[in-house]
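Q: Compact mmCIF, C-alpha atoms, file model_16.txt:
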# COMPACT_ATOMS: atom_id res chain seq x y z
CA MET A 1 -30.51 28.75 -57.45
CA ARG A 2 -32.56 31.08 -55.24
CA GLU A 3 -31.09 34.14 -56.96
CA ILE A 4 -31.81 32.65 -60.39
CA LYS A 5 -35.44 32.04 -59.41
CA ARG A 6 -35.76 35.64 -58.21
CA SER A 7 -34.24 37.00 -61.41
CA PHE A 8 -36.63 35.01 -63.58
CA ALA A 9 -39.65 35.80 -61.40
CA ALA A 10 -39.00 39.50 -62.03
CA PHE A 11 -39.88 38.80 -65.69
CA GLY A 12 -42.92 36.71 -64.83
CA ILE A 13 -41.13 33.38 -65.31
CA GLN A 14 -41.85 31.30 -62.22
CA ALA A 15 -42.36 27.64 -63.19
CA VAL A 16 -39.39 25.51 -62.13
CA LYS A 17 -38.61 21.82 -62.55
CA GLU A 18 -35.51 20.12 -61.13
CA THR A 19 -33.71 16.97 -62.20
CA ALA A 20 -33.07 14.26 -59.64
CA GLY A 21 -29.63 13.59 -61.16
CA ARG A 22 -27.77 13.06 -64.43
CA GLY A 23 -29.95 11.31 -66.97
CA ASP A 24 -33.18 12.77 -65.59
CA GLU A 25 -33.29 15.55 -68.19
CA GLU A 26 -35.59 13.64 -70.56
CA ARG A 27 -38.27 13.14 -67.90
CA VAL A 28 -38.19 16.78 -66.78
CA THR A 29 -38.25 18.03 -70.39
CA ARG A 30 -41.27 15.90 -71.22
CA GLU A 31 -43.07 17.18 -68.12
CA ALA A 32 -42.33 20.77 -69.17
CA LEU A 33 -43.62 20.12 -72.69
CA ASP A 34 -46.76 18.45 -71.34
CA ALA A 35 -47.31 21.57 -69.23
CA GLY A 36 -47.16 23.72 -72.37
CA TRP A 37 -43.81 25.44 -71.86
CA SER A 38 -42.63 27.33 -74.95
CA THR A 39 -39.05 27.85 -73.66
CA ILE A 40 -36.94 25.73 -71.33
CA ALA A 41 -34.09 27.56 -69.58
CA VAL A 42 -31.41 25.09 -68.53
CA VAL A 43 -29.27 25.91 -65.50
CA GLY A 44 -26.20 23.78 -66.13
CA GLY A 45 -23.34 22.93 -68.44
CA ASP A 46 -22.99 21.54 -71.93
CA GLY A 47 -23.96 17.99 -70.97
CA THR A 48 -27.22 19.05 -69.34
CA CYS A 49 -28.05 21.35 -72.26
CA SER A 50 -27.31 18.53 -74.69
CA ARG A 51 -29.62 16.09 -72.95
CA VAL A 52 -32.45 18.60 -72.85
CA ALA A 53 -31.85 19.47 -76.51
CA ASP A 54 -31.93 15.78 -77.39
CA ALA A 55 -35.34 15.42 -75.72
CA LEU A 56 -36.63 18.57 -77.45
CA LEU A 57 -35.44 17.41 -80.87
CA ARG A 58 -37.05 13.99 -80.45
CA SER A 59 -40.31 15.59 -79.34
CA GLY A 60 -40.63 17.77 -82.45
CA SER A 61 -42.30 20.37 -80.23
CA GLY A 62 -40.55 23.53 -81.43
CA CYS A 63 -39.91 24.52 -77.81
CA ALA A 64 -36.91 26.86 -77.45
CA LEU A 65 -33.79 26.16 -75.37
CA ALA A 66 -32.18 28.88 -73.23
CA VAL A 67 -29.01 28.48 -71.17
CA VAL A 68 -28.01 29.85 -67.78
CA PRO A 69 -24.35 28.68 -67.81
CA ALA A 70 -23.36 26.74 -64.71
CA GLY A 71 -21.04 24.03 -65.99
CA THR A 72 -17.35 23.31 -66.47
CA GLY A 73 -16.60 24.51 -70.02
CA ASN A 74 -19.88 26.23 -70.95
CA ASP A 75 -18.92 25.99 -74.61
CA PHE A 76 -22.49 26.10 -75.93
CA SER A 77 -23.33 29.25 -73.97
CA LYS A 78 -20.28 30.91 -75.54
CA THR A 79 -21.60 30.07 -78.99
CA LEU A 80 -24.94 31.64 -78.07
CA GLY A 81 -23.14 34.71 -76.72
CA VAL A 82 -24.57 34.35 -73.19
CA ALA A 83 -21.61 32.88 -71.28
CA HIS A 84 -21.24 36.05 -69.23
CA HIS A 85 -24.91 37.02 -69.05
CA THR A 86 -26.56 37.25 -65.66
CA PRO A 87 -29.71 35.21 -64.99
CA GLY A 88 -31.67 38.45 -65.26
CA GLN A 89 -30.25 39.13 -68.71
CA ILE A 90 -31.14 35.60 -69.83
CA ALA A 91 -34.68 36.05 -68.49
CA SER A 92 -34.92 39.34 -70.36
CA LEU A 93 -33.93 37.68 -73.64
CA ILE A 94 -36.57 35.00 -73.09
CA SER A 95 -39.28 37.57 -72.37
CA GLU A 96 -38.29 39.53 -75.47
CA GLY A 97 -38.56 36.43 -77.64
CA ALA A 98 -34.92 36.54 -78.76
CA HIS A 99 -35.21 33.20 -80.57
CA THR A 100 -33.29 31.81 -83.53
CA THR A 101 -32.86 28.34 -84.98
CA ILE A 102 -29.52 26.56 -85.22
CA ASP A 103 -28.05 23.41 -86.71
CA VAL A 104 -27.38 20.35 -84.59
CA GLY A 105 -25.32 17.24 -85.22
CA ILE A 106 -26.24 13.60 -84.81
CA ALA A 107 -23.64 10.90 -84.09
CA GLY A 108 -25.10 7.43 -84.31
CA ASP A 109 -28.22 7.65 -82.15
CA TRP A 110 -27.25 10.81 -80.22
CA TYR A 111 -27.86 14.44 -81.06
CA PHE A 112 -25.16 16.95 -80.17
CA ILE A 113 -25.31 20.72 -80.10
CA ASN A 114 -21.63 21.65 -79.79
CA SER A 115 -19.05 18.93 -80.46
CA CYS A 116 -18.32 15.29 -81.01
CA GLY A 117 -14.76 14.03 -80.49
CA PHE A 118 -12.67 10.87 -80.69
CA GLY A 119 -9.19 10.02 -79.49
CA PHE A 120 -7.33 12.62 -77.43
CA ASP A 121 -10.50 14.62 -76.78
CA ALA A 122 -12.32 11.62 -75.29
CA ALA A 123 -9.22 10.55 -73.34
CA VAL A 124 -8.94 14.00 -71.75
CA LEU A 125 -12.59 13.96 -70.76
CA GLU A 126 -12.15 10.52 -69.23
CA ALA A 127 -9.13 11.80 -67.27
CA THR A 128 -11.06 14.78 -65.85
CA ALA A 129 -13.24 12.38 -63.86
CA GLY A 130 -10.30 11.65 -61.55
CA VAL A 131 -9.48 15.31 -60.82
CA ARG A 132 -11.34 16.70 -57.82
CA PHE A 133 -9.35 19.85 -57.01
CA LEU A 134 -10.04 21.90 -60.16
CA ARG A 135 -13.08 23.26 -61.97
CA GLY A 136 -13.82 25.22 -65.12
CA ASP A 137 -11.25 25.73 -67.87
CA ALA A 138 -8.40 24.77 -65.51
CA LEU A 139 -9.78 21.24 -65.14
CA TYR A 140 -9.71 20.50 -68.87
CA ILE A 141 -6.32 22.16 -69.36
CA TYR A 142 -4.78 20.16 -66.50
CA ALA A 143 -6.13 16.85 -67.83
CA ALA A 144 -5.12 17.71 -71.41
CA LEU A 145 -1.54 18.50 -70.40
CA ALA A 146 -1.27 15.12 -68.68
CA GLN A 147 -2.62 13.31 -71.76
CA LEU A 148 -0.11 15.08 -74.02
CA PHE A 149 2.58 12.82 -72.56
CA SER A 150 0.64 9.56 -72.36
CA TYR A 151 -2.05 9.28 -75.03
CA ARG A 152 -1.10 6.78 -77.75
CA GLY A 153 -3.33 7.91 -80.63
CA LEU A 154 -5.92 6.03 -82.68
CA ARG A 155 -6.54 4.68 -86.14
CA VAL A 156 -9.71 5.51 -88.03
CA GLU A 157 -11.01 5.56 -91.60
CA ILE A 158 -13.08 8.63 -92.45
CA ASP A 159 -14.78 8.30 -95.83
CA GLY A 160 -11.37 8.57 -97.48
CA ALA A 161 -10.68 11.90 -95.75
CA ALA A 162 -7.87 10.74 -93.44
CA PRO A 163 -4.43 12.10 -94.42
CA ASP A 164 -3.14 8.55 -94.76
CA THR A 165 -4.79 5.31 -93.68
CA ASN A 166 -1.46 4.24 -92.21
CA ASP A 167 -1.19 7.34 -90.04
CA ARG A 168 -2.13 7.25 -86.38
CA LEU A 169 -4.28 10.22 -85.43
CA LEU A 170 -4.08 12.16 -82.20
CA MET A 171 -7.71 13.23 -82.40
CA VAL A 172 -10.77 13.74 -84.55
CA THR A 173 -13.29 16.43 -83.66
CA VAL A 174 -16.54 17.15 -85.47
CA SER A 175 -17.85 20.53 -84.34
CA ASN A 176 -21.07 22.46 -84.64
CA GLY A 177 -19.76 25.40 -82.58
CA PRO A 178 -16.27 26.89 -82.27
CA PHE A 179 -15.36 25.99 -78.68
CA LEU A 180 -14.14 22.88 -76.86
CA GLY A 181 -13.19 22.26 -73.25
CA GLY A 182 -13.81 25.87 -72.26
CA ALA A 183 -10.37 27.16 -73.25
CA PHE A 184 -9.96 25.88 -76.82
CA ARG A 185 -11.15 27.26 -80.16
CA ILE A 186 -11.04 23.90 -81.90
CA ALA A 187 -13.18 25.05 -84.84
CA PRO A 188 -12.61 28.83 -84.91
CA ASP A 189 -14.63 29.43 -88.07
CA ALA A 190 -17.54 27.15 -87.22
CA SER A 191 -21.09 28.44 -87.62
CA VAL A 192 -24.19 26.84 -86.14
CA THR A 193 -26.30 28.09 -89.04
CA ASP A 194 -24.31 27.06 -92.14
CA GLY A 195 -25.71 23.54 -92.56
CA GLU A 196 -22.29 21.90 -92.17
CA LEU A 197 -20.04 20.50 -89.45
CA ASP A 198 -16.40 21.53 -89.00
CA VAL A 199 -13.98 18.60 -88.93
CA CYS A 200 -10.50 18.73 -87.42
CA LEU A 201 -8.08 15.84 -87.93
CA VAL A 202 -4.82 15.99 -86.02
CA ARG A 203 -2.08 13.54 -86.98
CA ASP A 204 -0.20 11.99 -84.07
CA ALA A 205 3.06 13.72 -83.22
CA ASN A 206 5.92 13.76 -80.76
CA VAL A 207 5.55 15.53 -77.41
CA ILE A 208 7.08 18.83 -78.59
CA GLU A 209 4.72 19.01 -81.57
CA ARG A 210 1.80 18.05 -79.33
CA VAL A 211 2.58 20.95 -77.02
CA ARG A 212 2.66 23.32 -80.01
CA LEU A 213 -0.71 21.98 -81.17
CA PHE A 214 -2.11 22.36 -77.65
CA ALA A 215 -1.03 25.99 -77.38
CA ALA A 216 -2.22 26.80 -80.91
CA ALA A 217 -5.65 25.24 -80.25
CA MET A 218 -6.18 27.67 -77.37
CA ARG A 219 -5.75 30.51 -79.88
CA GLY A 220 -7.60 28.75 -82.69
CA THR A 221 -4.50 28.75 -84.93
CA HIS A 222 -3.76 24.98 -84.91
CA GLY A 223 -5.11 24.67 -88.45
CA ARG A 224 -1.94 26.38 -89.70
CA LEU A 225 0.27 23.56 -88.38
CA PRO A 226 1.26 20.64 -90.66
CA ALA A 227 -0.22 18.01 -88.33
CA ALA A 228 -3.75 19.47 -88.50
CA ARG A 229 -6.25 19.26 -91.31
CA MET A 230 -9.58 21.10 -91.19
CA PHE A 231 -12.56 20.91 -93.53
CA ARG A 232 -16.38 20.99 -93.55
CA ARG A 233 -18.85 18.21 -94.22
CA LYS A 234 -22.61 17.77 -94.14
CA GLY A 235 -22.04 14.18 -93.10
CA MET A 236 -19.35 11.52 -92.74
CA THR A 237 -18.81 7.95 -91.59
CA LEU A 238 -15.98 6.96 -89.24
CA ARG A 239 -14.79 3.36 -88.97
CA PHE A 240 -12.76 2.09 -86.01
CA ALA A 241 -11.11 -1.22 -85.15
CA SER A 242 -13.19 -1.40 -81.96
CA GLN A 243 -16.11 0.54 -80.46
CA PRO A 244 -14.64 3.95 -79.59
CA LEU A 245 -15.19 6.33 -76.73
CA ILE A 246 -16.94 9.50 -77.87
CA GLU A 247 -16.84 12.96 -76.32
CA LEU A 248 -20.32 14.30 -76.93
CA ASP A 249 -21.02 17.83 -75.68
CA GLY A 250 -18.64 17.41 -72.74
CA GLU A 251 -19.85 13.93 -71.76
CA LEU A 252 -18.30 10.55 -72.42
CA ARG A 253 -20.25 7.91 -74.35
CA HIS A 254 -19.39 4.43 -75.63
CA ALA A 255 -20.23 3.96 -79.30
CA ARG A 256 -22.58 1.04 -79.91
CA ALA A 257 -20.72 -0.05 -83.06
CA THR A 258 -17.34 0.26 -84.72
CA GLU A 259 -18.88 2.46 -87.43
CA VAL A 260 -20.22 5.89 -86.46
CA ARG A 261 -22.26 7.98 -88.88
CA ILE A 262 -22.24 11.73 -88.16
CA GLU A 263 -24.52 14.21 -89.90
CA CYS A 264 -25.59 17.84 -89.66
CA VAL A 265 -29.30 18.50 -89.17
CA PRO A 266 -29.81 22.08 -90.42
CA ARG A 267 -31.86 24.62 -88.45
CA ALA A 268 -33.33 21.94 -86.20
CA LEU A 269 -33.27 23.56 -82.74
CA LYS A 270 -34.80 26.83 -81.54
CA VAL A 271 -32.56 28.63 -79.04
CA VAL A 272 -32.35 31.89 -77.12
CA ALA A 273 -29.21 33.79 -78.14
CA ALA A 274 -27.69 37.19 -77.45
CA GLU A 275 -29.18 39.91 -79.60
CA GLY A 276 -27.21 40.92 -82.68
CA LEU A 277 -24.98 37.85 -82.50
CA ALA A 278 -23.70 36.41 -85.78
CA LEU A 279 -24.13 32.65 -85.44
Kindly return the structure encoded in the file as structure tokens.

A:
Amino acid sequence: MREIKRSFAAFGIQAVKETAGRGDEERVTREALDAGWSTIAVVGGDGTCSRVADALLRSGSGCALAVVPAGTGNDFSKTLGVAHHTPGQIASLISEGAHTTIDVGIAGDWYFINSCGFGFDAAVLEATAGVRFLRGDALYIYAALAQLFSYRGLRVEIDGAAPDTNDRLLMVTVSNGPFLGGAFRIAPDASVTDGELDVCLVRDANVIERVRLFAAAMRGTHGRLPAARMFRRKGMTLRFASQPLIELDGELRHARATEVRIECVPRALKVVAAEGLAL
């Protein structure tokens, strides 16, 4: 953190606020907005960025969000093209005013900036909590491989979009950006500026087919396999037999109802992105 502070100070950016723990992002964001900040640079992963973005969106302030990636998957920073930027490079972008506005999603009461997932995705995220010896992409890959052999699938109705209401699905992902879990291109053609969300439905399959899907998702070619169906929507409603677990920007949430409405909110969030990047 000391090096990050030095890098930002070199560009005249010296004000720093720190969270006391997970869930403290809203308080810190409000303090920053009250102090007149025009850009908030988040040092953290997708979950921290998501919570700050949620607070910014609810404030209606127009404050920009920048990311210094320091999380597990860092999917959102990849979308912004800054996953491998140094703190100094991020500070430079902020000072240059390299701002653009992007779409966000909303699932029930929660905004999301990268992805929203049900089924296998949420089960993998839940499993990562018990793994202490890995970090980064390896953590998600390890947990996902274990779930390939044990996850039992789910049933869901999706505004008539499910392949067959009698089919059990392995997973449903609704993506704003292309990446998931650090190593996977779950929505390879997704754009955060097209006003739509990219949906991926994967029908449940035997272990061999699951392994093929897993490997293809790392390359972003899973949409070519018979078990996967991909399409875009501005909004959709999902109905479950019981309140589902939701993967929301790399964090696990419990839905408050058996019906979850998901919508795209076009050009809602100002962000700092790499120059010349096609979003």

Q: Which one is closest to A:Ala274: A:Arg261, A:Arg233, A:His84, A:His222? Count only C-alpha atoms.

A: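 Smallest distance to A:Ala274 is found for A:His84.
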
Q: Select, from A:Asp75, A:Asp249, A:Asp194, A:Glu275, the residue with the minimum atom-to-atom distance to A:Trp110, counting only C-alpha atoms.

A: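 Smallest distance to A:Trp110 is found for A:Asp249.
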
Q: Using atom CA of A:Ile113 and atom CA of A:Arg232 as the two end points, give the distance in Å to one decimal.

A: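 These two atoms are separated by 16.1 Å.
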
Q: In Å, rounded to a single decimal, give me how far atom CA of A:Gly36 is from atom CA of A:Phe11.

A: 18.0 Å

Q: Within 9 Å of A:Ala98, counting all atoms listed in the file, which residues show up once you throw out same-chain ones fewer than 2 positions away? Write them as a list in words, please.

A: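 In the requested format, the answer is Ser92, Leu93, Ile94, Ser95, Glu96, Thr100, Val271, Val272, Ala273, Ala274 and Glu275 of chain A.
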
Q: Would you save the residues of that selection, restricted to C-alpha atoms, as a short mmCIF file (atom, residue, chain, number, x, y, z; two decimals), keeping the file's coordinate frame?

A:
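So result23.cif came out as:
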data_model
loop_
_atom_site.label_atom_id
_atom_site.label_comp_id
_atom_site.auth_asym_id
_atom_site.auth_seq_id
_atom_site.Cartn_x
_atom_site.Cartn_y
_atom_site.Cartn_z
CA SER A 92 -34.92 39.34 -70.36
CA LEU A 93 -33.93 37.68 -73.64
CA ILE A 94 -36.57 35.00 -73.09
CA SER A 95 -39.28 37.57 -72.37
CA GLU A 96 -38.29 39.53 -75.47
CA THR A 100 -33.29 31.81 -83.53
CA VAL A 271 -32.56 28.63 -79.04
CA VAL A 272 -32.35 31.89 -77.12
CA ALA A 273 -29.21 33.79 -78.14
CA ALA A 274 -27.69 37.19 -77.45
CA GLU A 275 -29.18 39.91 -79.60
#

Q: Nearest residue to A:Val265 out of A:Lys234, A:Arg155, A:Arg51, A:Arg22, using only C-alpha atoms?

A: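 Ranking A:Lys234, A:Arg155, A:Arg51, A:Arg22 by distance to A:Val265, first place goes to A:Lys234.
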
Q: Considering all atoms listed in the file, return as a VMD selection string whatever protein or nucleic-acid residues lie within 8 Å of A:Tyr111, sequence-local ones (same chain, fewer than 3 positions apart) excluded.

A: chain A and resid 50 53 to 54 104 to 107

Q: Looking at A:Ala91, A:Ala255, A:Leu169, A:Val52, which one is nearest to A:Ile13, with distances taken over all atoms listed in the file?

A: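 Ranking A:Ala91, A:Ala255, A:Leu169, A:Val52 by distance to A:Ile13, first place goes to A:Ala91.
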
Q: To one decimal place, how far is atom CA of A:Glu3 from atom CA of A:Leu65 in Å?

A: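 About the pair atom CA of A:Glu3 and atom CA of A:Leu65: they are 20.2 Å apart.
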
Q: Which is closer to A:Ile40 than all the others in A:Arg239, A:Lys5, A:Arg253, A:Lys17, using all atoms listed in the file?

A: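 Ranking A:Arg239, A:Lys5, A:Arg253, A:Lys17 by distance to A:Ile40, first place goes to A:Lys17.
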
Q: Identify which of the residues A:Thr72, A:Gly88, A:Leu56, A:Leu245 lies closest to A:Ala123, counting only C-alpha atoms when measuring atom-to-atom distances.

A: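 Counting only C-alpha atoms, the residue closest to A:Ala123 is A:Leu245.
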
Q: Give me the residues within 8 Å of A:Gly195 as a count of residues only, counting all atoms listed in the file and dropping any in the same chain fewer than 3 places off.

A: 7

Q: Write out as a PyMOL selection string the residues lying within 9 Å of A:Ala183, counting only C-alpha atoms and excluding same-chain residues fewer than 5 positions away.

A: chain A and resi 73+75+137-138+140-141+217-219

Q: List every protein, DNA or RNA residue that has at least one atom no more than 9 Å from (-29.6, 24.9, -67.9) in the file's coordinates, counting only C-alpha atoms, and write the result as a PDB file with C-alpha atoms, in the coordinates of the input.

A:
ATOM      1  CA  ILE A  40     -36.940  25.730 -71.330  1.00  0.00           C
ATOM      2  CA  ALA A  41     -34.090  27.560 -69.580  1.00  0.00           C
ATOM      3  CA  VAL A  42     -31.410  25.090 -68.530  1.00  0.00           C
ATOM      4  CA  VAL A  43     -29.270  25.910 -65.500  1.00  0.00           C
ATOM      5  CA  GLY A  44     -26.200  23.780 -66.130  1.00  0.00           C
ATOM      6  CA  GLY A  45     -23.340  22.930 -68.440  1.00  0.00           C
ATOM      7  CA  ASP A  46     -22.990  21.540 -71.930  1.00  0.00           C
ATOM      8  CA  THR A  48     -27.220  19.050 -69.340  1.00  0.00           C
ATOM      9  CA  CYS A  49     -28.050  21.350 -72.260  1.00  0.00           C
ATOM     10  CA  VAL A  52     -32.450  18.600 -72.850  1.00  0.00           C
ATOM     11  CA  LEU A  65     -33.790  26.160 -75.370  1.00  0.00           C
ATOM     12  CA  ALA A  66     -32.180  28.880 -73.230  1.00  0.00           C
ATOM     13  CA  VAL A  67     -29.010  28.480 -71.170  1.00  0.00           C
ATOM     14  CA  VAL A  68     -28.010  29.850 -67.780  1.00  0.00           C
ATOM     15  CA  PRO A  69     -24.350  28.680 -67.810  1.00  0.00           C
ATOM     16  CA  ALA A  70     -23.360  26.740 -64.710  1.00  0.00           C
ATOM     17  CA  GLY A  71     -21.040  24.030 -65.990  1.00  0.00           C
TER      18      GLY A  71
END

Q: Counting all atoms listed in the file, what is within 10 Å of A:Glu209, bar same-chain residues fewer than 4 positions away, as JSON, numbers by chain?

A: {"A": [148, 204, 205, 213, 214, 215, 225, 226, 227]}

Q: Suppose we keep C-alpha atoms; can you now write the selection as a PDB file, in the coordinates of the input?

A:
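In the end it all went to out_36.pdb:
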ATOM      1  CA  LEU A 148      -0.110  15.080 -74.020  1.00  0.00           C
ATOM      2  CA  ASP A 204      -0.200  11.990 -84.070  1.00  0.00           C
ATOM      3  CA  ALA A 205       3.060  13.720 -83.220  1.00  0.00           C
ATOM      4  CA  LEU A 213      -0.710  21.980 -81.170  1.00  0.00           C
ATOM      5  CA  PHE A 214      -2.110  22.360 -77.650  1.00  0.00           C
ATOM      6  CA  ALA A 215      -1.030  25.990 -77.380  1.00  0.00           C
ATOM      7  CA  LEU A 225       0.270  23.560 -88.380  1.00  0.00           C
ATOM      8  CA  PRO A 226       1.260  20.640 -90.660  1.00  0.00           C
ATOM      9  CA  ALA A 227      -0.220  18.010 -88.330  1.00  0.00           C
TER      10      ALA A 227
END
